[in-house]
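Structure record follows, encoded as structure tokens.
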Amino acid sequence: MIFPSKLQKNDTILLAAPCSPLPPDQTPELVAEAVERLGFRVKIGASCRAETARGYSAAPAEVRARDINEGFADPAVDAIWCIRGGSTAWELPPLLDYDVIAANPKPFIGFSDVTTLHLAIQNRCGLVTFHGMVANRVPGWEENEFTWTSLWRALTMGDALAGENPPGEDIRPLRPGRASGALTGGILSLVVQSLCTPWQVDAR
């Protein structure tokens, strides 16, 4: 697996919308300002603009994929943070430039239906990606220290990352013992849907 460079404060993050558009009460600028308050510079991808929305899609598939491809190719972009999840991410794997992504490893962050993109990038590029909150959750979550601290620890991890639950929530193993291996997964329905596709989950 290829680990991307550690994210640092003052790095530039590209906001991309590979799935659904923002809800009516949010704008890309609102989300960008919240991410900037975390200590980063922000670029807003074309897919995030309301005028590109097509129903459940933030933009046509080609526009959404282009944001991701250009984000990986752009040396001025240090990470790509998906602005929202949604049910249209499945359109993008055939449109991604995996050679460009593999040649320019950088953090790729998001959850929910972004699972489809995590699986595709991991399968085709061997790149470690980050199943973390989408960027439009940052406004209002800035005071949730555990959520942000957990994501930040993953983005800046060294050789190991200790798993922790929120205070008062014990970790309860289903089976006793010790195990090691590469962690993969995401939204389980999408993991199942990936089977028998060119970007299916690596279940080894």
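Naming scheme: A, B, ... for chains in displayed order of the structure tokens; residues 1 onward per chain; ligands 1 onward as shown.
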What's the 9 Å shell around Gly185 of chain A, counting only C-alpha atoms, without same-chain residues fewer than 6 positions away, as number ranges by chain? A: 115, 118-119, 131, 191, 201-202
If we count only C-alpha atoms, what is near Leu38 of chain A at a cut-off of 12 Å, once residues fewer than 2 positions away on the same chain are taken out, given as a ChimeraX atom specification? /A:8-13,31-36,40-42,135,138-139,141-143,145,148-149,152
What's the separation between atom CA of Pro60 of chain A and atom CA of Leu96 of chain A, in Å to one decimal place?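 Distance between the two atoms: 13.8 Å.
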Using only C-alpha atoms, pick whichever of A:Gly177, A:Leu95, A:Pro23, A:Ser150 has the shortest atom-to-atom distance to Asn165 of chain A.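 With only C-alpha atoms as the atom set, the closest residue is A:Ser150.
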Using DSSP on the backbone coordinates, identify the residues of segment 10-64 of chain A assigned to strand (DSSP E); present them as a ChimeraX atom specification. /A:12-16,41-44
I want to know what sits within 8 Å of segment 97-112 of chain A, based on only C-alpha atoms, with residues of the same chain fewer than 2 positions away left out; could you give that as a CSV table (one decimal) with C-alpha atoms, in the first residue's frame?
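Heads up, here's the output in out11.csv:
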```csv
chain,number,residue,atom,x,y,z
A,2,ILE,CA,1.1,3.6,-0.8
A,3,PHE,CA,0.7,6.0,2.1
A,4,PRO,CA,0.2,9.6,1.0
A,5,SER,CA,2.2,12.5,2.5
A,6,LYS,CA,1.0,13.6,5.9
A,7,LEU,CA,-1.4,16.5,5.8
A,69,ASN,CA,-8.4,13.7,-11.6
A,72,PHE,CA,-4.5,14.5,-7.9
A,73,ALA,CA,-2.6,16.0,-10.9
A,78,ASP,CA,-2.3,18.6,-1.1
A,79,ALA,CA,-5.5,16.7,-0.3
A,80,ILE,CA,-9.0,16.1,-1.8
A,81,TRP,CA,-11.9,16.3,0.6
A,82,CYS,CA,-15.3,15.1,-0.6
A,83,ILE,CA,-17.9,17.7,0.3
A,84,ARG,CA,-20.8,15.3,0.6
A,85,GLY,CA,-21.8,11.7,0.0
A,86,GLY,CA,-24.7,10.4,-2.1
A,95,LEU,CA,-13.8,7.9,-15.5
A,114,VAL,CA,-17.6,7.8,-1.3
A,115,THR,CA,-16.9,4.1,-0.2
A,121,ILE,CA,-8.6,3.8,-5.8
A,124,ARG,CA,-6.4,0.1,-8.9
A,125,CYS,CA,-3.7,2.3,-7.2
A,126,GLY,CA,-2.8,0.6,-3.9
A,127,LEU,CA,-3.3,4.0,-2.3
A,128,VAL,CA,-4.3,4.4,1.3
A,129,THR,CA,-7.4,6.6,1.5
A,130,PHE,CA,-9.3,8.0,4.5
A,131,HIS,CA,-12.9,7.0,5.4
A,132,GLY,CA,-13.6,10.2,7.4
A,133,MET,CA,-16.4,12.7,7.7
A,134,VAL,CA,-17.3,14.7,4.5
A,135,ALA,CA,-16.5,18.3,4.5
A,155,LEU,CA,-4.1,12.0,8.4
A,186,GLY,CA,-16.8,1.2,4.2
A,187,ILE,CA,-20.6,1.2,3.8
```
Selected residue, from A:Pro198, A:Pro176, A:Pro18, A:Gly140, that lies nearest to Leu30 of chain A when counting only C-alpha atoms: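 Selected residue with least distance to Leu30 of chain A: A:Gly140.
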Picked from segment 1-190 of chain A by DSSP as helix (DSSP H, G or I), as a ChimeraX atom specification: /A:28-37,46-48,50-52,61-73,89-91,93-95,98-103,112-125,135-137,145-155,188-190
Which residues are close to Arg54 of chain A, i.e. within 12 Å by only C-alpha atoms, leaving aside same-chain residues fewer than 2 positions away? Reply as a VMD selection string. chain A and resid 19 to 22 47 to 52 56 to 61 63 to 64 88
If I take atom CA of Thr116 of chain A and atom CA of Arg172 of chain A, how far is one from the other in Å, to one decimal?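 Taking atom CA of Thr116 of chain A and atom CA of Arg172 of chain A, their separation equals 27.9 Å.
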One number please: atom CA of Leu14 of chain A to atom CA of Pro28 of chain A, in Å, one decimal.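 Between these atoms lies a distance of 11.2 Å.
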